[in-house]
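Asks: Below you will find the structure I want to go over with you.
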Amino acid sequence: MTSFDSTPPLSVWRALLALAVVFVMLATTGWTTLHNQRNTSSPLRTALAAWERGHINGHRLPDPSASPTRLAHFFGSLTPHQRTRLATRYPLVVGNMNGAPVKLRYRANHIALDSARKLERRRMHDSRLSPSGQHDAGRRMHRFEALMRPGRHILAFDPTGSGRVAEVLGDLNRAQHVSVVVPGIDTDLLTFQRTYRKYSAPLGMARALYDAERSASTRARVAVIAWADYTAPSGLGVEAATATRAKDGAVRLNALLRALPGTSRVALYCHSYGSVLCGVAAHSVPRRVSDIAVAGSPGMRADSVSQLHTGARVWATRDGDDWIGDVPHLEVGGIGHGADPVSSAFGARVLSARGAKGHAGYFEPGTESLTNFAEIGIGSYLGVRCASGDDGCRSGLSGGTTA
């Protein structure tokens, strides 16, 4: 190839490539991706309106968006019978209320899931729906049935649109260490768990991490949350290239983190677009969040760790076969997500991902990425393996399990 002195530097070519990708996305997906997300009806919105008109013991019910501390005080002032009555009457509200007792949320969401399941069963046989519509209703009904199975602990549930859900593995009330898995694009109720390639789905990621943490320390009390409680971008369109969904999700994530019971330390594991969300949320996470680990990240909306303005340790990993490494790591006019988190200039602690394959393999059992995540989750930092093969990513960290 002929070389010319006037050839623009690589950074310019990457910027031009990013802009070209944006124009292609706008031309192929249009702005319809942004406008077609509107929902004319929302079961949760209807439930909230009913809650706002409700009373107990002659007093109005509190603002559901009040602080978790205030809401916890409200529920603490009620008798068990009164709490159960509220969960039964307003299951979608109580089940999604940060500050409500965890076990009460589980009970409320079971009731809400049952109502949603019955609705979808009726829709399966609704002659006004197309065969495709009836099929989709059947898929949703089976998903709701699966979420209702004994032993499952649903911390959040909203059937609106493509849906949102969060599930807890372990005892959240007694945990010393809580890990939260934040997934990326195409996350919804139907993709929350998979039979095929199960470790690429939020629940599979969380289960793999939960098992790995328990194997890493039989004494540590751990809990893992599969957190799909935000509206993720659908496909690699305009929304995936901007921070709109991440900003909305960051508010929801921080609301959850502030409402977690006890004093457990918390680690966030953010995959793909989920790392964009975690980057936006980083400056507002509570102090109990000790670690933020990103995998297959397109960027964290920052040029360096210092720009995240967080006291949490920031870890990053990427497999050599992950296509996300070929995406330009820059931000132009709101498009793109900033610097590459595994680059030396970014300043994250870079982890080995040996054994992981492709963009969705970081939580596969047997991979060093999953082993590293588990060691971070229980605070056993000397067990972490760095991408460089030395101990650089463990610099300044102690090796004992922390509570």
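We label chains A, B, ... in the order they appear in the structure tokens, count residues from 1 in each chain, and number ligands from 1 in the order shown.
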Run DSSP on the backbone and give me the residues of range 45-132 of chain A it puts in strand (DSSP E), as a PDB file with N, CA and C atoms, in the first residue's frame.
Replies:
ATOM      1  N   HIS A  55     -55.428   4.135  50.943  1.00  0.00           N
ATOM      2  CA  HIS A  55     -55.280   4.509  52.358  1.00  0.00           C
ATOM      3  C   HIS A  55     -55.049   3.247  53.181  1.00  0.00           C
ATOM      4  N   ILE A  56     -54.460   3.439  54.339  1.00  0.00           N
ATOM      5  CA  ILE A  56     -54.364   2.373  55.326  1.00  0.00           C
ATOM      6  C   ILE A  56     -54.446   3.005  56.709  1.00  0.00           C
ATOM      7  N   HIS A  59     -54.912   6.689  56.786  1.00  0.00           N
ATOM      8  CA  HIS A  59     -53.825   7.558  56.307  1.00  0.00           C
ATOM      9  C   HIS A  59     -53.506   7.223  54.854  1.00  0.00           C
ATOM     10  N   ARG A  60     -53.122   8.254  54.106  1.00  0.00           N
ATOM     11  CA  ARG A  60     -52.734   8.035  52.722  1.00  0.00           C
ATOM     12  C   ARG A  60     -51.444   7.223  52.672  1.00  0.00           C
TER      13      ARG A  60
END
Asks: Name all residues at most 12 Å from Ala356 in chain A (count only C-alpha atoms; drop same-chain ones fewer than 2 positions away) and give them as a list in words.
Replies: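 Contacts, in chain order: Tyr199, Ser200, Ala295, Gly296, Thr317, Arg318, Asp319, Gly320, Asp321, Asp322, Leu351, Ser352, Ala353, Arg354, Gly358, His359, Ala360, Gly361, Tyr362, Phe363, Glu364, Pro365, Gly366, Thr367, Glu368, Ser369, Leu370, Thr371 and Asn372 of chain A.
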Asks: Got a sec: who's within 9 Å of Val266 in chain A, counting only C-alpha atoms, leaving out chain neighbours fewer than 2 positions off, as a list in words?
Replies: Gln176, His177, Val178, Ser179, Val180, Leu257, Ser264, Leu268, Arg288, Val289, Ser290, Asp291, Ile292 and Gly377 of chain A
Asks: Once you have the residues from the selection above, write them out as a compact mmCIF listing (two decimals), in the first residue's frame, restricted to N, CA and C atoms.
Replies:
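out-v7.txt, freshly written:
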# COMPACT_ATOMS: atom_id res chain seq x y z
N GLN A 176 -23.03 -11.16 53.06
CA GLN A 176 -21.89 -10.27 53.32
C GLN A 176 -21.42 -9.60 52.03
N HIS A 177 -21.62 -10.31 50.94
CA HIS A 177 -21.16 -9.85 49.63
C HIS A 177 -22.31 -9.97 48.65
N VAL A 178 -22.65 -8.87 47.99
CA VAL A 178 -23.72 -8.86 47.00
C VAL A 178 -23.12 -8.49 45.65
N SER A 179 -23.38 -9.30 44.65
CA SER A 179 -22.94 -9.03 43.29
C SER A 179 -24.15 -8.73 42.43
N VAL A 180 -24.04 -7.74 41.57
CA VAL A 180 -25.14 -7.36 40.68
C VAL A 180 -24.67 -7.47 39.24
N LEU A 257 -29.43 -0.01 44.45
CA LEU A 257 -28.26 -0.11 45.32
C LEU A 257 -28.48 0.60 46.65
N SER A 264 -23.80 -5.08 53.50
CA SER A 264 -22.93 -5.88 52.65
C SER A 264 -22.18 -5.01 51.65
N LEU A 268 -20.35 -4.67 41.11
CA LEU A 268 -21.15 -4.62 39.89
C LEU A 268 -20.37 -5.30 38.76
N ARG A 288 -20.91 1.67 49.56
CA ARG A 288 -20.79 0.23 49.76
C ARG A 288 -20.42 -0.50 48.47
N VAL A 289 -20.54 0.17 47.33
CA VAL A 289 -20.10 -0.43 46.06
C VAL A 289 -18.58 -0.35 46.02
N SER A 290 -17.93 -1.49 46.18
CA SER A 290 -16.48 -1.54 46.28
C SER A 290 -15.80 -1.75 44.94
N ASP A 291 -16.52 -2.40 44.00
CA ASP A 291 -15.90 -2.78 42.73
C ASP A 291 -16.88 -2.67 41.58
N ILE A 292 -16.38 -2.22 40.44
CA ILE A 292 -17.13 -2.20 39.19
C ILE A 292 -16.28 -2.91 38.15
N GLY A 377 -15.75 -10.66 43.79
CA GLY A 377 -17.01 -10.66 44.51
C GLY A 377 -16.87 -10.95 45.98
Asks: Report as JSON lines the residues of range 163-193 of chain A within 12 Å of range 92-99 of chain A, each with its shortest atom pair and distance in Å (one decimal), using only C-alpha atoms, ordered by chain and increasing residue number.
Replies:
{"residue": "A:Arg164", "atom": "CA", "partner": "A:Asn96", "partner_atom": "CA", "distance": 10.4}
{"residue": "A:Val165", "atom": "CA", "partner": "A:Asn96", "partner_atom": "CA", "distance": 9.5}
{"residue": "A:Ala166", "atom": "CA", "partner": "A:Asn96", "partner_atom": "CA", "distance": 9.6}
{"residue": "A:Glu167", "atom": "CA", "partner": "A:Gly95", "partner_atom": "CA", "distance": 11.7}
Asks: Can those selected residues be exported to a file as a tab-separated table (two decimals), in the first residue's frame so that it contains N, CA and C atoms?
Replies:
chain	number	residue	atom	x	y	z
A	164	ARG	N	-39.43	-5.98	32.23
A	164	ARG	CA	-38.23	-5.86	33.05
A	164	ARG	C	-38.34	-6.86	34.20
A	165	VAL	N	-37.19	-7.32	34.68
A	165	VAL	CA	-37.20	-8.29	35.77
A	165	VAL	C	-35.85	-8.29	36.46
A	166	ALA	N	-35.85	-8.62	37.75
A	166	ALA	CA	-34.62	-8.83	38.51
A	166	ALA	C	-34.85	-10.02	39.44
A	167	GLU	N	-33.84	-10.88	39.55
A	167	GLU	CA	-33.97	-12.08	40.39
A	167	GLU	C	-32.76	-12.19	41.31
Asks: Can you pull out every residue from range 144-178 of chain A that DSSP, working from the backbone, puts in alpha helix (DSSP H), and format the result as a PyMOL selection string?
Replies: chain A and resi 144-147
Asks: Next, the residues of the selection above should be written as a PDB file, in the first residue's frame with N, CA and C atoms.
Replies:
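Generated output (again.pdb):
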ATOM      1  N   PHE A 144     -43.545 -16.354  32.374  1.00  0.00           N
ATOM      2  CA  PHE A 144     -44.078 -15.988  33.688  1.00  0.00           C
ATOM      3  C   PHE A 144     -44.222 -17.226  34.573  1.00  0.00           C
ATOM      4  N   GLU A 145     -44.655 -18.326  33.997  1.00  0.00           N
ATOM      5  CA  GLU A 145     -44.755 -19.570  34.756  1.00  0.00           C
ATOM      6  C   GLU A 145     -43.390 -19.986  35.298  1.00  0.00           C
ATOM      7  N   ALA A 146     -42.373 -19.855  34.465  1.00  0.00           N
ATOM      8  CA  ALA A 146     -41.029 -20.235  34.897  1.00  0.00           C
ATOM      9  C   ALA A 146     -40.549 -19.352  36.046  1.00  0.00           C
ATOM     10  N   LEU A 147     -40.844 -18.072  35.974  1.00  0.00           N
ATOM     11  CA  LEU A 147     -40.424 -17.147  37.027  1.00  0.00           C
ATOM     12  C   LEU A 147     -41.158 -17.412  38.342  1.00  0.00           C
TER      13      LEU A 147
END
Asks: Can you work out the spacing between CA of Arg70 in chain A and CA of Ala312 in chain A in Å, to one decimal?
Replies: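 Spanning CA of Arg70 in chain A to CA of Ala312 in chain A is a straight-line distance of 26.4 Å.
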Asks: Mind checking which residues fall within 6 Å of range 116-128 of chain A, counting only C-alpha atoms, ignoring those fewer than 3 positions away in the same chain, and posting them as a list in words?
Replies: Leu113, Gln134, Ala137, Gly138, Met141 and Phe144 of chain A
Asks: Grab the residues selected above and save them as a PDB file, in the first residue's frame with N, CA and C atoms.
Replies:
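Output (again.pdb):
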ATOM      1  N   LEU A 113     -46.948 -11.785  38.891  1.00  0.00           N
ATOM      2  CA  LEU A 113     -46.640 -12.738  37.825  1.00  0.00           C
ATOM      3  C   LEU A 113     -47.834 -13.633  37.525  1.00  0.00           C
ATOM      4  N   GLN A 134     -50.715 -14.502  19.083  1.00  0.00           N
ATOM      5  CA  GLN A 134     -51.062 -15.573  20.004  1.00  0.00           C
ATOM      6  C   GLN A 134     -49.815 -16.361  20.418  1.00  0.00           C
ATOM      7  N   ALA A 137     -47.936 -14.363  22.951  1.00  0.00           N
ATOM      8  CA  ALA A 137     -48.616 -14.455  24.245  1.00  0.00           C
ATOM      9  C   ALA A 137     -48.254 -15.761  24.945  1.00  0.00           C
ATOM     10  N   GLY A 138     -48.167 -16.832  24.175  1.00  0.00           N
ATOM     11  CA  GLY A 138     -47.789 -18.113  24.744  1.00  0.00           C
ATOM     12  C   GLY A 138     -46.371 -18.111  25.289  1.00  0.00           C
ATOM     13  N   MET A 141     -46.449 -16.211  28.532  1.00  0.00           N
ATOM     14  CA  MET A 141     -47.088 -16.984  29.582  1.00  0.00           C
ATOM     15  C   MET A 141     -46.126 -18.020  30.167  1.00  0.00           C
ATOM     16  N   PHE A 144     -43.545 -16.354  32.374  1.00  0.00           N
ATOM     17  CA  PHE A 144     -44.078 -15.988  33.688  1.00  0.00           C
ATOM     18  C   PHE A 144     -44.222 -17.226  34.573  1.00  0.00           C
TER      19      PHE A 144
END
